[in-house]
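> Take this structure first; my questions come after.
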Amino acid sequence: MSNAREARQLLRAHRYGALSTLSKKFDGHPFGSITPYLVDHDGSLLILISTLAEHTKNIAADPRVSLITHNQRDPHIQTQGRVTLLGHAALVAEREETGRRYLRYFPEAQTYFAMHDFSFYRITPLTLRYIGGFGHIHWVKAESYRVANYPLIQQEADLLAQMNADHSASLRHYCRQTQQIEAQQIEMVGIDCDGFDLRADGDVYRIDFPEPVLDAQQARAALIAMSQATS
C-alpha cells in the first residue's frame with residue numbers, strides 16, 4: 001500500500017484534530033484549536049466553524065493552515081501513527097449539499113449548522129507529513145494523496161440507503177469482526193473509495209477496504225468479499 005493511501009486512511013479513521021492557523025491578532029504566531037473534521041471523497045478536509053471563532057478570523061486574513069490527528073483512544077502518543085496535513089482553507093459555497101454528508105457523521109452539529117454564522121471551509125492539501133510508526137516517516141505529495149472524481153461519489157446516498165434498509169445483519173457482522181463489538185443500533189453513515197463508516201450504538205467506526213473501489217458495483221463486491229472472508 002502506498003504512503004499516500006495510508007495517510008488518507010489514517011485521516012479518515014479519526015474525526016477530530018488540532019487545527020493550526022496564523023494569528024491575525026498576534027502577528028502570525030501559530031494558533032492551535034481543536035476542531036471536528038470530515039475527510040471528503042477527494043481527500044480534502046471539511047470543517048464547520050463560526051465567524052466569531054479566532055481560527056476563522058485567522059483564515060480570513062491568511063488561509064494557510066495545518067491539521068494533525070492521531071488515535072485519541074491510544075495512550076502511546078509517540079509510537080502510534082499520526083498525520084499532519086498542510087494546506088489552504090477556503091469557504092465552501094455548497095452549504096446545504098455539504099451539510100447533508102457532514103451531519104451524517106456529526107449529527108450533534110445540527111444546532112451549529114442551523115446558525116447563520118457557521119460555515120463550511122474546505123482545507124485543500126498542499127503536502128502531508130505521515131508517521132506510520134517508528135521509522136515509518138514520510139512526506140506525501142498532494143498530487144499522490146488526492147483522489148480524482150469517481151462514480152461512487154454520486155452513488156453514495158443510494159448505496160447507503162440500500163445497506164441500511166436491507167443489510168443491517170451484514171453491518172453488525174462487519175462491526176463484530178473488525179471492532180469486536182456487538183451493536184444494537186447500527187447504520188452505515190458514509191462510504192468512499194477507501195472504506196466505509198458505521199455508527200454503532202452512537203460511536204463511529206472506520207472499516208477500510210483492502211483495495212480502492214471506484215463505483216457502487218466495486219463497493220458491493222468488496223463488501224461481499226469482506227463478509228465472506230470473515231465468516
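Residue numbering restarts at 1 in every chain; chains get A, B, ... in the order shown in the C-alpha cells, and ligands count up from 1 in that same order.
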Per DSSP on the backbone, filter region 11-172 of chain A down to the residues in alpha helix (DSSP H) and report them as a VMD selection string.
chain A and resid 11 to 13 54 to 61 95 to 105 110 to 114 142 to 145 152 to 166 168 to 172
> Could the residues in this selection be written to a file with N, CA and C atoms, as a compact mmCIF listing (two decimals), in the first residue's frame?

# COMPACT_ATOMS: atom_id res chain seq x y z
N LEU A 11 -6.27 9.60 8.21
CA LEU A 11 -7.10 10.78 8.38
C LEU A 11 -8.58 10.42 8.43
N ARG A 12 -9.00 9.51 7.57
CA ARG A 12 -10.41 9.09 7.53
C ARG A 12 -10.83 8.36 8.81
N ALA A 13 -9.88 7.74 9.48
CA ALA A 13 -10.21 6.93 10.66
C ALA A 13 -10.55 7.78 11.88
N GLU A 54 -11.76 32.49 16.67
CA GLU A 54 -10.46 33.07 16.38
C GLU A 54 -9.82 32.46 15.15
N HIS A 55 -9.97 31.11 15.01
CA HIS A 55 -9.33 30.49 13.85
C HIS A 55 -9.98 30.92 12.53
N THR A 56 -11.28 31.24 12.54
CA THR A 56 -11.93 31.72 11.33
C THR A 56 -11.42 33.10 10.95
N LYS A 57 -11.24 33.96 11.92
CA LYS A 57 -10.67 35.29 11.65
C LYS A 57 -9.26 35.15 11.09
N ASN A 58 -8.51 34.19 11.63
CA ASN A 58 -7.15 33.98 11.13
C ASN A 58 -7.16 33.50 9.68
N ILE A 59 -8.07 32.58 9.36
CA ILE A 59 -8.16 32.06 7.99
C ILE A 59 -8.54 33.16 7.01
N ALA A 60 -9.43 34.06 7.44
CA ALA A 60 -9.83 35.16 6.56
C ALA A 60 -8.64 36.05 6.22
N ALA A 61 -7.70 36.17 7.16
CA ALA A 61 -6.52 37.00 6.93
C ALA A 61 -5.42 36.26 6.20
N ARG A 95 -23.30 24.95 0.79
CA ARG A 95 -23.51 24.71 2.21
C ARG A 95 -24.48 23.57 2.48
N GLU A 96 -25.64 23.56 1.82
CA GLU A 96 -26.66 22.55 2.08
C GLU A 96 -26.18 21.17 1.65
N GLU A 97 -25.59 21.09 0.47
CA GLU A 97 -25.10 19.80 -0.03
C GLU A 97 -24.00 19.25 0.88
N THR A 98 -23.08 20.11 1.27
CA THR A 98 -22.01 19.68 2.18
C THR A 98 -22.57 19.27 3.53
N GLY A 99 -23.57 20.01 4.00
CA GLY A 99 -24.17 19.73 5.30
C GLY A 99 -24.83 18.37 5.39
N ARG A 100 -25.43 17.90 4.29
CA ARG A 100 -26.10 16.60 4.33
C ARG A 100 -25.12 15.49 4.68
N ARG A 101 -23.95 15.50 4.07
CA ARG A 101 -22.97 14.44 4.36
C ARG A 101 -22.31 14.67 5.72
N TYR A 102 -21.97 15.92 6.01
CA TYR A 102 -21.30 16.23 7.28
C TYR A 102 -22.16 15.84 8.48
N LEU A 103 -23.45 16.11 8.40
CA LEU A 103 -24.33 15.85 9.54
C LEU A 103 -24.61 14.37 9.74
N ARG A 104 -24.39 13.55 8.73
CA ARG A 104 -24.47 12.11 8.95
C ARG A 104 -23.38 11.67 9.92
N TYR A 105 -22.23 12.29 9.81
CA TYR A 105 -21.11 11.95 10.69
C TYR A 105 -21.19 12.69 12.03
N GLN A 110 -25.95 19.70 14.35
CA GLN A 110 -27.14 20.25 13.73
C GLN A 110 -27.46 21.65 14.24
N THR A 111 -27.28 21.87 15.55
CA THR A 111 -27.57 23.18 16.13
C THR A 111 -26.64 24.24 15.55
N TYR A 112 -25.35 23.92 15.42
CA TYR A 112 -24.40 24.87 14.85
C TYR A 112 -24.72 25.13 13.38
N PHE A 113 -25.05 24.06 12.65
CA PHE A 113 -25.36 24.18 11.23
C PHE A 113 -26.56 25.10 11.01
N ALA A 114 -27.50 25.09 11.94
CA ALA A 114 -28.69 25.92 11.81
C ALA A 114 -28.41 27.40 12.06
N ALA A 142 0.79 16.15 -2.38
CA ALA A 142 -0.66 16.28 -2.52
C ALA A 142 -1.16 15.58 -3.78
N GLU A 143 -0.38 15.63 -4.85
CA GLU A 143 -0.86 15.03 -6.10
C GLU A 143 -0.97 13.51 -6.02
N SER A 144 -0.21 12.87 -5.14
CA SER A 144 -0.35 11.43 -4.95
C SER A 144 -1.41 11.10 -3.90
N TYR A 145 -1.70 12.06 -3.03
CA TYR A 145 -2.69 11.86 -1.97
C TYR A 145 -4.12 12.08 -2.47
N LEU A 152 -18.58 6.62 -7.41
CA LEU A 152 -19.16 6.33 -6.10
C LEU A 152 -19.58 7.59 -5.35
N ILE A 153 -18.97 8.71 -5.68
CA ILE A 153 -19.34 9.97 -5.02
C ILE A 153 -20.82 10.25 -5.23
N GLN A 154 -21.28 10.13 -6.46
CA GLN A 154 -22.69 10.37 -6.76
C GLN A 154 -23.58 9.20 -6.35
N GLN A 155 -23.01 8.03 -6.20
CA GLN A 155 -23.79 6.83 -5.87
C GLN A 155 -23.87 6.57 -4.36
N GLU A 156 -23.16 7.35 -3.58
CA GLU A 156 -23.05 7.06 -2.14
C GLU A 156 -24.40 7.03 -1.45
N ALA A 157 -25.23 8.04 -1.64
CA ALA A 157 -26.51 8.12 -0.91
C ALA A 157 -27.39 6.92 -1.18
N ASP A 158 -27.50 6.50 -2.45
CA ASP A 158 -28.33 5.34 -2.78
C ASP A 158 -27.77 4.07 -2.17
N LEU A 159 -26.45 3.92 -2.19
CA LEU A 159 -25.85 2.72 -1.63
C LEU A 159 -26.04 2.66 -0.11
N LEU A 160 -25.92 3.80 0.54
CA LEU A 160 -26.17 3.86 1.99
C LEU A 160 -27.61 3.46 2.31
N ALA A 161 -28.54 3.98 1.54
CA ALA A 161 -29.96 3.67 1.78
C ALA A 161 -30.20 2.17 1.63
N GLN A 162 -29.59 1.56 0.62
CA GLN A 162 -29.77 0.13 0.41
C GLN A 162 -29.16 -0.68 1.54
N MET A 163 -27.94 -0.33 1.94
CA MET A 163 -27.27 -1.08 3.00
C MET A 163 -28.03 -0.97 4.32
N ASN A 164 -28.51 0.22 4.64
CA ASN A 164 -29.19 0.42 5.91
C ASN A 164 -30.58 -0.20 5.93
N ALA A 165 -31.22 -0.27 4.76
CA ALA A 165 -32.57 -0.84 4.70
C ALA A 165 -32.56 -2.35 4.65
N ASP A 166 -31.58 -2.93 3.94
CA ASP A 166 -31.64 -4.36 3.64
C ASP A 166 -30.51 -5.20 4.23
N SER A 168 -28.71 -4.80 7.48
CA SER A 168 -28.29 -4.49 8.85
C SER A 168 -27.54 -5.66 9.49
N ALA A 169 -27.91 -6.89 9.13
CA ALA A 169 -27.20 -8.05 9.68
C ALA A 169 -25.74 -8.06 9.22
N SER A 170 -25.51 -7.69 7.96
CA SER A 170 -24.14 -7.62 7.46
C SER A 170 -23.36 -6.52 8.17
N LEU A 171 -24.01 -5.38 8.42
CA LEU A 171 -23.33 -4.29 9.12
C LEU A 171 -22.92 -4.73 10.52
N ARG A 172 -23.79 -5.44 11.21
CA ARG A 172 -23.44 -5.95 12.53
C ARG A 172 -22.28 -6.95 12.44
> Within 8 Å of region 120-126 of chain A, which residues of region 30-97 of chain A show up? Give each one with its shortest atom-to-atom distance in Å (one decimal) and the two atoms involved, counting only C-alpha atoms, rows by chain then rising residue number, as a tab-separated table.

residue	atom	partner	partner_atom	distance
A:Ser44	CA	A:Thr124	CA	5.1
A:Leu45	CA	A:Ile123	CA	5.0
A:Leu46	CA	A:Arg122	CA	4.7
A:Ile47	CA	A:Tyr121	CA	5.4
A:Leu48	CA	A:Phe120	CA	4.5
A:Ile49	CA	A:Phe120	CA	6.5
A:Val65	CA	A:Ile123	CA	7.8
A:Leu85	CA	A:Pro125	CA	6.3
A:Leu86	CA	A:Leu126	CA	5.6
A:Gly87	CA	A:Pro125	CA	4.2
A:His88	CA	A:Ile123	CA	5.3
A:Ala89	CA	A:Ile123	CA	4.3
A:Ala90	CA	A:Tyr121	CA	5.2
A:Leu91	CA	A:Tyr121	CA	4.4
A:Val92	CA	A:Tyr121	CA	5.2
A:Arg95	CA	A:Phe120	CA	6.6
> Give the answer as one residue: which of A:Arg64, A:His167, A:Lys25, A:Arg206 has the shortest atom-to-atom distance to Gln179 (chain A), using only C-alpha atoms?
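Closest to Gln179 (chain A) of all the choices is A:Arg206.
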> Any chance you could list, as a PyMOL selection string, the residues in chain A that come up strand (DSSP E) when DSSP is run on the backbone?
chain A and resi 16-22+30-36+38-39+45-50+64-70+82-91+118-133+136-141+186-192+195-200+203-208
> Show me, as a list of chain:residue names, the residues that have an atom within 8 Å of region 18-20 of chain A when counting only C-alpha atoms, minus same-chain residues fewer than 3 positions from it.
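Contacts, with the query itself left out: A:Pro30, A:Phe31, A:Gly32, A:Ser33, A:Ile34, A:Thr35, A:His55, A:Val65, A:Ser66, A:Leu67, A:Ile68, A:Thr69.
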> When you draw a straight line from CA of Ile191 (chain A) to CA of Ala219 (chain A), how long is it in Å?
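If I compute the distance from CA of Ile191 (chain A) to CA of Ala219 (chain A), I get 8.5 Å.
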> Any idea what the distance is between CA of Asp42 (chain A) and CA of Gln9 (chain A)?
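Straight-line distance from CA of Asp42 (chain A) to CA of Gln9 (chain A) works out to 11.9 Å.
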> To one decimal in Å, tell me the separation between CA of Leu128 (chain A) and CA of Arg73 (chain A).
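Distance reported for this atom pair: 22.4 Å.
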> As a ChimeraX atom specification, please: the residues near Asp194 (chain A) (cut-off 9 Å, only C-alpha atoms, same-chain neighbours under 2 positions excluded).
/A:5,8-9,12,41,191-192,196,207-213
